[in-house]
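The block underneath contains the structure these notes are about, expressed in structure tokens.
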Amino acid sequence: MKFGTAIGIVISIIGIAVGATMEGTNVMVVINVPAILIVLVGTFGATMAACGLPSMIRLPKLYMKCLMPADLDLVGRVNEIVGYAEKARRDGLLALDEQLASVDDPYTRKGLQLVVDGTDPELVAEVLEAENDAMRKRHAMCVQPFDKAGGYAPTMGIIGTVFGLVHVLTNLSQPETLGPMISSAFIATLLGVASANVVYLPVSSRLKGLSQEEMHFREMTLEGILAIQAGDNPRVVEEKLMASVPSAGGMWSTSADLVRFGEG
Amino acid sequence: MKFGTAIGIVISIIGIAVGATMEGTNVMVVINVPAILIVLVGTFGATMAACGLPSMIRLPKLYMKCLMPADLDLVGRVNEIVGYAEKARRDGLLALDEQLASVDDPYTRKGLQLVVDGTDPELVAEVLEAENDAMRKRHAMCVQPFDKAGGYAPTMGIIGTVFGLVHVLTNLSQPETLGPMISSAFIATLLGVASANVVYLPVSSRLKGLSQEEMHFREMTLEGILAIQAGDNPRVVEEKLMASVPSAGGMWSTSADLVRFGEG
Amino acid sequence: MKFGTAIGIVISIIGIAVGATMEGTNVMVVINVPAILIVLVGTFGATMAACGLPSMIRLPKLYMKCLMPADLDLVGRVNEIVGYAEKARRDGLLALDEQLASVDDPYTRKGLQLVVDGTDPELVAEVLEAENDAMRKRHAMCVQPFDKAGGYAPTMGIIGTVFGLVHVLTNLSQPETLGPMISSAFIATLLGVASANVVYLPVSSRLKGLSQEEMHFREMTLEGILAIQAGDNPRVVEEKLMASVPSAGGMWSTSADLVRFGEG
Amino acid sequence: MKFGTAIGIVISIIGIAVGATMEGTNVMVVINVPAILIVLVGTFGATMAACGLPSMIRLPKLYMKCLMPADLDLVGRVNEIVGYAEKARRDGLLALDEQLASVDDPYTRKGLQLVVDGTDPELVAEVLEAENDAMRKRHAMCVQPFDKAGGYAPTMGIIGTVFGLVHVLTNLSQPETLGPMISSAFIATLLGVASANVVYLPVSSRLKGLSQEEMHFREMTLEGILAIQAGDNPRVVEEKLMASVPSAGGMWSTSADLVRFGEG
Amino acid sequence: MKFGTAIGIVISIIGIAVGATMEGTNVMVVINVPAILIVLVGTFGATMAACGLPSMIRLPKLYMKCLMPADLDLVGRVNEIVGYAEKARRDGLLALDEQLASVDDPYTRKGLQLVVDGTDPELVAEVLEAENDAMRKRHAMCVQPFDKAGGYAPTMGIIGTVFGLVHVLTNLSQPETLGPMISSAFIATLLGVASANVVYLPVSSRLKGLSQEEMHFREMTLEGILAIQAGDNPRVVEEKLMASVPSAGGMWSTSADLVRFGEG
């Protein structure tokens, strides 16, 4: 499930490459150095100008995150939190202190630490929501370069093609070279449109989706921590949290009484 | 009424096919394997990259949901809820317990269960609204692949056409094959634009509309359940709920004093 | 004033037709059956797929509403409500009961009925706002098909044109027929762009405007009814309501001290 | 400063005209009656259909407002309000009554009248905010025709050009007339794109900006009136209001310690 | 890090220029006076018409701000505020008075001054938020000309190109000059698309990003000032503020337990 973006990009490229080959085109024509310079470097520069240097430095890591996202184990997290709730219910909130060291997720740990410290519930919510808010802003900044590149790349392709046509039109005296020259000019459009629609824009969408999932994950965690602090019954905590876990059948339940999108 | 999307797609395809045939085009030219590979597989891959693998696996089911949506019987639901309200009014809230097993809709059942359990009204509203919120998010995720495909398909068509033109332009020495080759290149554009505007985008719109209707259905149910819990008079419950049921004449009342859109 | 949309569409068509005729084109070329099939039927089908069947059945009525909108007499409504306010002030709220039968507008009547029944002010506001909310949703659903058609029509035009060009390109051997065939192919683009920009999109905008006006009309009515219930002085009621009536000089006052848009 | 829009439009037209003349084009070719009919009349009709007749009647006045906007003297208004605050502080709120007749701005006068009448502060705010809200709606309706025209004009240009090409393509037998005929067809595109981007869209942006400024002006006035009613110290009133006056150096302060956009 | 925009624009221009040169085009063809007049002057005029004269006068300064943004030292600011918090804790709020003169940042100084003056905490927040709000509006007005120019420039390019083609088409009798003339016509498109995508739009994005950063900076400062006034423990103040400082490793922490975007 995790490699959807990598697989999707590969499928898309294969589909285009095989189709183009069957049409008779040598797919290698896209390895056209002038077009690559104009489209890829031009897009890179414009994106850096739009987003600033640090954003560009983050890009390779983000590509990797996007191609191999960490799994978010919603059910595991629910079980973990229910475990803390049981312990807190049984032995008191302070008993969670000894477990803190073994909490893997720093966000959960921070939240439980605040609870153990006896922080006011409103302040706990405020601090954790501030964390979420900061994460949302960071994520938005991370997605921006892909969005921008997806917008600039096709126009860089057009710039490359128009430059090529300008060259062609000033050399009409050698008609036998016209075809290949125009053809070469169009490679820039190809590269621009394809890089935007096969890579930049899908990656941007995917990162936005991953960001939403992570936000959802954290909001569920936050709700659980607040429920623990409120001393809720562990069964109630579980029910509350499970409400935000998509059922096993995927995005919708699989029972017979589905209506419309499969919701009851 | 239910098959509007299926019928609409068929009408649209027939209109285009008959028109094209009358123009003299053999409609079968669209069965062009390279173009299909580039446009359909390219769009599929880019959409998977954008939305992740699980979203793609859901697609066939969603197509079916969209082509054959379940009916949402608003009036039936109102009557059902008014029935519960009468029983609750007559025999007390606990009397609803025995009816729970026969409640078809899991959402209604969950809500009534909470009421019967004596849950705090605010908590009932909170739990049911959390369910609605989760449904809205799931629906949005379900619609996304169609939206994305509707955006990627035309550009995949352009990629296919430009690849075709690049091929043509490097083979200008055989002018007699130019026409068919260019013609073939344009099939990709055709497929891209048509698949987006006849299938992907309309399906996306339709799913959004169905989602809104279902949300409306649930909000009405929620309002009814809260009214039952508050011990409202069944007549008041009915009046409240009927306010959100479009009148029999369709989207607007049919009385003579309609103003503008047919509202009073 | 009321026939702005009908007049506007006619002006636009006349402008285009006369201009095209002066250019030397026979305007009747647009009566091209294949193009009409592809563009009009294709758009109709895609719109039905997007909006569902009931939305399409409503369309003719909506066209008529849009071309001949009912007048919303804001000042008349204000006077009517001030009249009720005076009666209520003089003879008590219950005195309004006898006038209810003669209230034309069902919305006003419903509101006054609630007031006469001694309903809690908050509940009156809630019920009437729910009506407004339902109306807003219905209006949005009514406008959607025009919006969608305005988006699909130009692309259907492109589909028709590309189909025509594909046909032309596979028949390059008869160069003398090329011109008329290409010309015919472009009729589809013409029809698509013109139907969207002369009919669908303006009608959609106009319906949105009418919807806003009606919403404004209702909100003013609602405010008046609540003021009556609160026992406000009729002069105060009038002043309050007149604040939301554009002054006689049209959208802005005509006094000499206008600033900018003519506001004081 | 005030004539930015008029000057801008003139600069833009001069730039285009001089550039085109240097390219060798006779700029007078744009005086092409068929193209003007199609683009200008077509756009006018579609805009009227979209916005209704009254909106079109307002247009000439709005053009004038936009080209010669009244000055909004923020500092003058602040001083005026501080003057009232001083008088109210010294002689009591009722002392403002005698000054009311000399208040130029109807909005300020209305607000002070309400204050003098001893209206409840919340009601004063409510009435004045309702005025602002109504103004915002009116402004939005005033801007709409320019926005719409900016959207329709380029497509009308395309319609004109395609009509011209259709005519050309059916008359391929006289090749010597082809060039001028195609050239003439493109005039429609020129007119459509230029009228939208040199006139309609900039005017729309400018009107939006003027509307925001006027709204800001009124919000500041409202704040001042409420401060007077609350009996604030005139110095406090001044400080509060000056906070919303851009400093003398223009949009940002001119001190040396500017950070980023010139904010401290 | 600071010169990202300048470097990005240079990279983009170099990429395009080198690529075009490798294609064989003489890059100097873009120095085409008619095209420059139409695109640059036309865009300048339309932007002035849209944004008003003062906005245009600010432009050069904004370009410089964008190319060489001041550094926002978040950690330094946190330390500074924590220092004030310690002093206030130790010696009382009034002790901050003597430090006011040495506070560099006018915003911080204004806030501390209000605190020292014993202003009500709510009023402190209100005044400082009004400042932020005013800054946000000013920034939005500063960004607008770049946004608008990015939208107008490509269409000015199209206007220039169509004018050129119109000229070409009326001079078809000299076929040997056709190529260079069409080529020259396309320079306008090149300039329009390139200026928008390499300069205007990236600068607009960058200014928006800088504005957000500065807003974030101020919100953090505001939070710190309110915490000082509330007498919070300096350690708590520090922890609160550090939550909104991205960690040293850049946009995300570098610990091993990163999930997804690198958040815990």
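As shown in the structure tokens, the chain order sets the letters A, B, ...; within each chain, residues go from 1, and ligands are also counted from 1 in the order they appear.
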Could you list, as a tab-separated table (two decimals) with N, CA and C atoms, in the first residue's frame, every residue within 8 Å of range 93-95 of chain A, counting only C-alpha atoms and ignoring same-chain residues fewer than 4 positions away?
chain	number	residue	atom	x	y	z
A	87	LYS	N	-4.17	1.82	32.54
A	87	LYS	CA	-3.19	1.98	33.61
A	87	LYS	C	-3.56	3.19	34.48
A	88	ALA	N	-3.92	4.29	33.81
A	88	ALA	CA	-4.25	5.51	34.55
A	88	ALA	C	-5.47	5.28	35.43
A	89	ARG	N	-6.42	4.57	34.88
A	89	ARG	CA	-7.65	4.28	35.62
A	89	ARG	C	-7.35	3.42	36.85
A	99	GLN	N	6.01	4.86	32.43
A	99	GLN	CA	5.88	4.36	31.05
A	99	GLN	C	6.39	5.36	30.02
A	115	VAL	N	0.29	15.60	30.94
A	115	VAL	CA	-0.77	15.06	31.79
A	115	VAL	C	-0.20	14.65	33.15
A	116	VAL	N	0.93	13.92	33.09
A	116	VAL	CA	1.56	13.45	34.33
A	116	VAL	C	1.97	14.64	35.21
A	229	GLN	N	-6.75	12.07	30.58
A	229	GLN	CA	-6.65	13.07	31.64
A	229	GLN	C	-8.00	13.27	32.34
- Residues of range 14-263 of chain D in helix (DSSP H, G or I) according to DSSP, as an NGL selection string? :D and (14-23 or 27-30 or 33-51 or 53-67 or 74-91 or 93-102 or 106-116 or 121-169 or 175-229 or 234-242)
Per residue of chain B within 6 Å of chain A, record the nearest atom pair and its distance in Å to one decimal, counting only C-alpha atoms, with rows in chain order and ascending residue number, as a Markdown table.
| residue | atom | partner | partner_atom | distance |
| --- | --- | --- | --- | --- |
| B:Pro34 | CA | A:Gly19 | CA | 4.0 |
| B:Leu37 | CA | A:Gly19 | CA | 5.2 |
| B:Ile38 | CA | A:Ile16 | CA | 4.3 |
| B:Val41 | CA | A:Gly15 | CA | 5.2 |
| B:Gly42 | CA | A:Ser12 | CA | 4.0 |
| B:Gly45 | CA | A:Gly8 | CA | 4.1 |
| B:Ala46 | CA | A:Val198 | CA | 5.3 |
| B:Met48 | CA | A:Gly8 | CA | 4.9 |
| B:Ala49 | CA | A:Thr5 | CA | 3.6 |
| B:Ala50 | CA | A:Pro202 | CA | 3.9 |
| B:Cys51 | CA | A:Arg206 | CA | 5.7 |
| B:Gly52 | CA | A:Gly4 | CA | 4.5 |
| B:Leu53 | CA | A:Gly4 | CA | 4.6 |
| B:Pro69 | CA | A:Arg260 | CA | 5.4 |
| B:Ala70 | CA | A:Arg260 | CA | 5.2 |
| B:Asp105 | CA | A:Gly264 | CA | 5.6 |
| B:Pro106 | CA | A:Gly264 | CA | 5.2 |
| B:Tyr107 | CA | A:Gly264 | CA | 5.6 |
| B:Ile159 | CA | A:Leu190 | CA | 5.9 |
| B:Val166 | CA | A:Ser183 | CA | 4.6 |
| B:His167 | CA | A:Thr25 | CA | 5.0 |
| B:Leu169 | CA | A:Gly179 | CA | 4.4 |
| B:Thr170 | CA | A:Pro180 | CA | 4.9 |
Now that the selection is made, can you save its residues with all heavy atoms as a short mmCIF file (atom, residue, chain, number, x, y, z; two decimals), in the first residue's frame?
data_model
loop_
_atom_site.label_atom_id
_atom_site.label_comp_id
_atom_site.auth_asym_id
_atom_site.auth_seq_id
_atom_site.Cartn_x
_atom_site.Cartn_y
_atom_site.Cartn_z
N PRO B 34 -1.88 2.83 -29.06
CA PRO B 34 -0.89 3.73 -28.43
C PRO B 34 -1.56 4.87 -27.66
O PRO B 34 -1.17 5.18 -26.53
CB PRO B 34 -0.11 4.28 -29.62
CG PRO B 34 -0.33 3.31 -30.72
CD PRO B 34 -1.67 2.70 -30.51
N LEU B 37 -2.97 3.60 -24.45
CA LEU B 37 -1.91 3.36 -23.46
C LEU B 37 -1.47 4.67 -22.82
O LEU B 37 -1.37 4.78 -21.59
CB LEU B 37 -0.71 2.69 -24.13
CG LEU B 37 -0.77 1.17 -24.19
CD1 LEU B 37 0.38 0.64 -25.04
CD2 LEU B 37 -0.66 0.60 -22.77
N ILE B 38 -1.19 5.65 -23.68
CA ILE B 38 -0.67 6.92 -23.14
C ILE B 38 -1.72 7.59 -22.26
O ILE B 38 -1.44 7.98 -21.12
CB ILE B 38 -0.25 7.85 -24.30
CG1 ILE B 38 0.97 7.27 -25.01
CG2 ILE B 38 0.05 9.25 -23.77
CD1 ILE B 38 1.40 8.06 -26.23
N VAL B 41 -3.56 4.68 -19.38
CA VAL B 41 -2.59 4.17 -18.42
C VAL B 41 -1.83 5.33 -17.78
O VAL B 41 -1.58 5.34 -16.57
CB VAL B 41 -1.62 3.17 -19.09
CG1 VAL B 41 -0.57 2.70 -18.11
CG2 VAL B 41 -2.41 1.98 -19.64
N GLY B 42 -1.49 6.33 -18.60
CA GLY B 42 -0.79 7.50 -18.03
C GLY B 42 -1.63 8.18 -16.96
O GLY B 42 -1.14 8.52 -15.88
N GLY B 45 -1.83 5.97 -13.83
CA GLY B 45 -0.60 6.03 -13.04
C GLY B 45 -0.47 7.34 -12.27
O GLY B 45 -0.17 7.36 -11.07
N ALA B 46 -0.74 8.45 -12.96
CA ALA B 46 -0.60 9.75 -12.29
C ALA B 46 -1.61 9.87 -11.16
O ALA B 46 -1.31 10.41 -10.09
CB ALA B 46 -0.78 10.88 -13.30
N MET B 48 -2.88 7.38 -9.44
CA MET B 48 -2.43 6.53 -8.32
C MET B 48 -1.31 7.23 -7.56
O MET B 48 -1.28 7.21 -6.31
CB MET B 48 -1.93 5.19 -8.84
CG MET B 48 -1.52 4.27 -7.70
SD MET B 48 -0.57 2.86 -8.26
CE MET B 48 -1.85 1.93 -9.07
N ALA B 49 -0.40 7.86 -8.29
CA ALA B 49 0.68 8.57 -7.62
C ALA B 49 0.12 9.68 -6.73
O ALA B 49 0.63 9.95 -5.65
CB ALA B 49 1.65 9.16 -8.65
N ALA B 50 -0.96 10.31 -7.20
CA ALA B 50 -1.50 11.43 -6.44
C ALA B 50 -2.33 10.99 -5.25
O ALA B 50 -2.36 11.67 -4.22
CB ALA B 50 -2.36 12.31 -7.37
N CYS B 51 -3.02 9.86 -5.39
CA CYS B 51 -4.02 9.49 -4.37
C CYS B 51 -3.62 8.27 -3.54
O CYS B 51 -4.30 7.97 -2.55
CB CYS B 51 -5.36 9.22 -5.02
SG CYS B 51 -5.96 10.61 -5.99
N GLY B 52 -2.58 7.57 -3.95
CA GLY B 52 -2.19 6.37 -3.23
C GLY B 52 -2.94 5.15 -3.73
O GLY B 52 -3.99 5.24 -4.37
N LEU B 53 -2.38 3.99 -3.42
CA LEU B 53 -2.92 2.74 -3.95
C LEU B 53 -4.33 2.42 -3.46
O LEU B 53 -5.21 2.05 -4.26
CB LEU B 53 -1.95 1.60 -3.59
CG LEU B 53 -2.03 0.33 -4.42
CD1 LEU B 53 -1.95 0.65 -5.90
CD2 LEU B 53 -0.89 -0.60 -4.04
N PRO B 69 -26.87 4.61 -7.53
CA PRO B 69 -26.90 5.01 -6.13
C PRO B 69 -28.11 4.43 -5.42
O PRO B 69 -29.18 4.26 -6.01
CB PRO B 69 -26.99 6.54 -6.21
CG PRO B 69 -27.63 6.81 -7.52
CD PRO B 69 -27.14 5.73 -8.44
N ALA B 70 -27.92 4.10 -4.14
CA ALA B 70 -29.04 3.67 -3.32
C ALA B 70 -29.99 4.85 -3.15
O ALA B 70 -29.57 6.01 -3.19
CB ALA B 70 -28.54 3.20 -1.96
N ASP B 105 -30.95 1.12 9.66
CA ASP B 105 -29.82 2.00 9.40
C ASP B 105 -28.89 2.07 10.62
O ASP B 105 -29.29 2.46 11.71
CB ASP B 105 -30.36 3.40 9.09
CG ASP B 105 -29.25 4.41 8.97
OD1 ASP B 105 -28.27 4.10 8.30
OD2 ASP B 105 -29.37 5.48 9.59
N PRO B 106 -27.63 1.65 10.43
CA PRO B 106 -26.70 1.59 11.58
C PRO B 106 -26.51 2.95 12.26
O PRO B 106 -26.30 3.02 13.47
CB PRO B 106 -25.38 1.11 10.98
CG PRO B 106 -25.61 0.84 9.57
CD PRO B 106 -26.99 1.23 9.18
N TYR B 107 -26.56 4.01 11.48
CA TYR B 107 -26.37 5.34 12.07
C TYR B 107 -27.52 5.67 13.02
O TYR B 107 -27.30 6.09 14.16
CB TYR B 107 -26.28 6.37 10.94
CG TYR B 107 -26.04 7.79 11.39
CD1 TYR B 107 -24.77 8.19 11.78
CD2 TYR B 107 -27.08 8.71 11.43
CE1 TYR B 107 -24.54 9.50 12.18
CE2 TYR B 107 -26.85 10.01 11.83
CZ TYR B 107 -25.59 10.40 12.20
OH TYR B 107 -25.36 11.69 12.60
N ILE B 159 0.25 15.15 -24.20
CA ILE B 159 1.54 14.45 -24.27
C ILE B 159 1.53 13.46 -25.43
O ILE B 159 2.47 13.40 -26.23
CB ILE B 159 1.83 13.73 -22.92
CG1 ILE B 159 2.10 14.77 -21.83
CG2 ILE B 159 2.99 12.76 -23.06
CD1 ILE B 159 2.27 14.18 -20.44
N VAL B 166 5.95 14.85 -32.83
CA VAL B 166 7.41 14.74 -32.87
C VAL B 166 7.82 13.65 -33.84
O VAL B 166 8.73 13.82 -34.67
CB VAL B 166 7.96 14.45 -31.44
CG1 VAL B 166 9.39 13.94 -31.50
CG2 VAL B 166 7.86 15.69 -30.58
N HIS B 167 7.09 12.53 -33.76
CA HIS B 167 7.37 11.42 -34.68
C HIS B 167 7.12 11.85 -36.13
O HIS B 167 7.95 11.60 -37.02
CB HIS B 167 6.46 10.25 -34.31
CG HIS B 167 6.57 9.09 -35.23
ND1 HIS B 167 7.78 8.58 -35.62
CD2 HIS B 167 5.62 8.36 -35.86
CE1 HIS B 167 7.57 7.57 -36.45
NE2 HIS B 167 6.27 7.43 -36.60
N LEU B 169 7.14 14.83 -37.42
CA LEU B 169 8.04 15.86 -37.91
C LEU B 169 9.43 15.33 -38.24
O LEU B 169 10.17 15.93 -39.02
CB LEU B 169 8.15 16.98 -36.87
CG LEU B 169 6.90 17.84 -36.76
CD1 LEU B 169 6.88 18.59 -35.45
CD2 LEU B 169 6.85 18.81 -37.93
N THR B 170 9.78 14.20 -37.66
CA THR B 170 11.08 13.61 -38.01
C THR B 170 10.94 12.68 -39.21
O THR B 170 11.91 12.05 -39.60
CB THR B 170 11.65 12.83 -36.80
OG1 THR B 170 10.64 11.97 -36.31
CG2 THR B 170 12.10 13.78 -35.71
#
Notebook entry, point to check: What is the CA of Leu165 in chain A to CA of Ala35 in chain A distance in Å?
Noted result: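 So the answer is 12.7 Å.
From CA of Met56 in chain D back to CA of Gly160 in chain D, the distance works out to 22.9 Å.
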query: Any idea what's packed within 12 Å of range 119-125 of chain B, counting only C-alpha atoms, ignoring anything in its chain fewer than 5 positions away? Could you give it as a ChimeraX atom specification?
result: /A:236,240 /B:93,107-108,110-114,130-133,218-219,221-231
inquiry  = Just the number, please: distance in Å from CA of Met28 in chain B to CA of Val168 in chain C, one decimal.
reply    =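 About the pair CA of Met28 in chain B and CA of Val168 in chain C: they are 15.3 Å apart.
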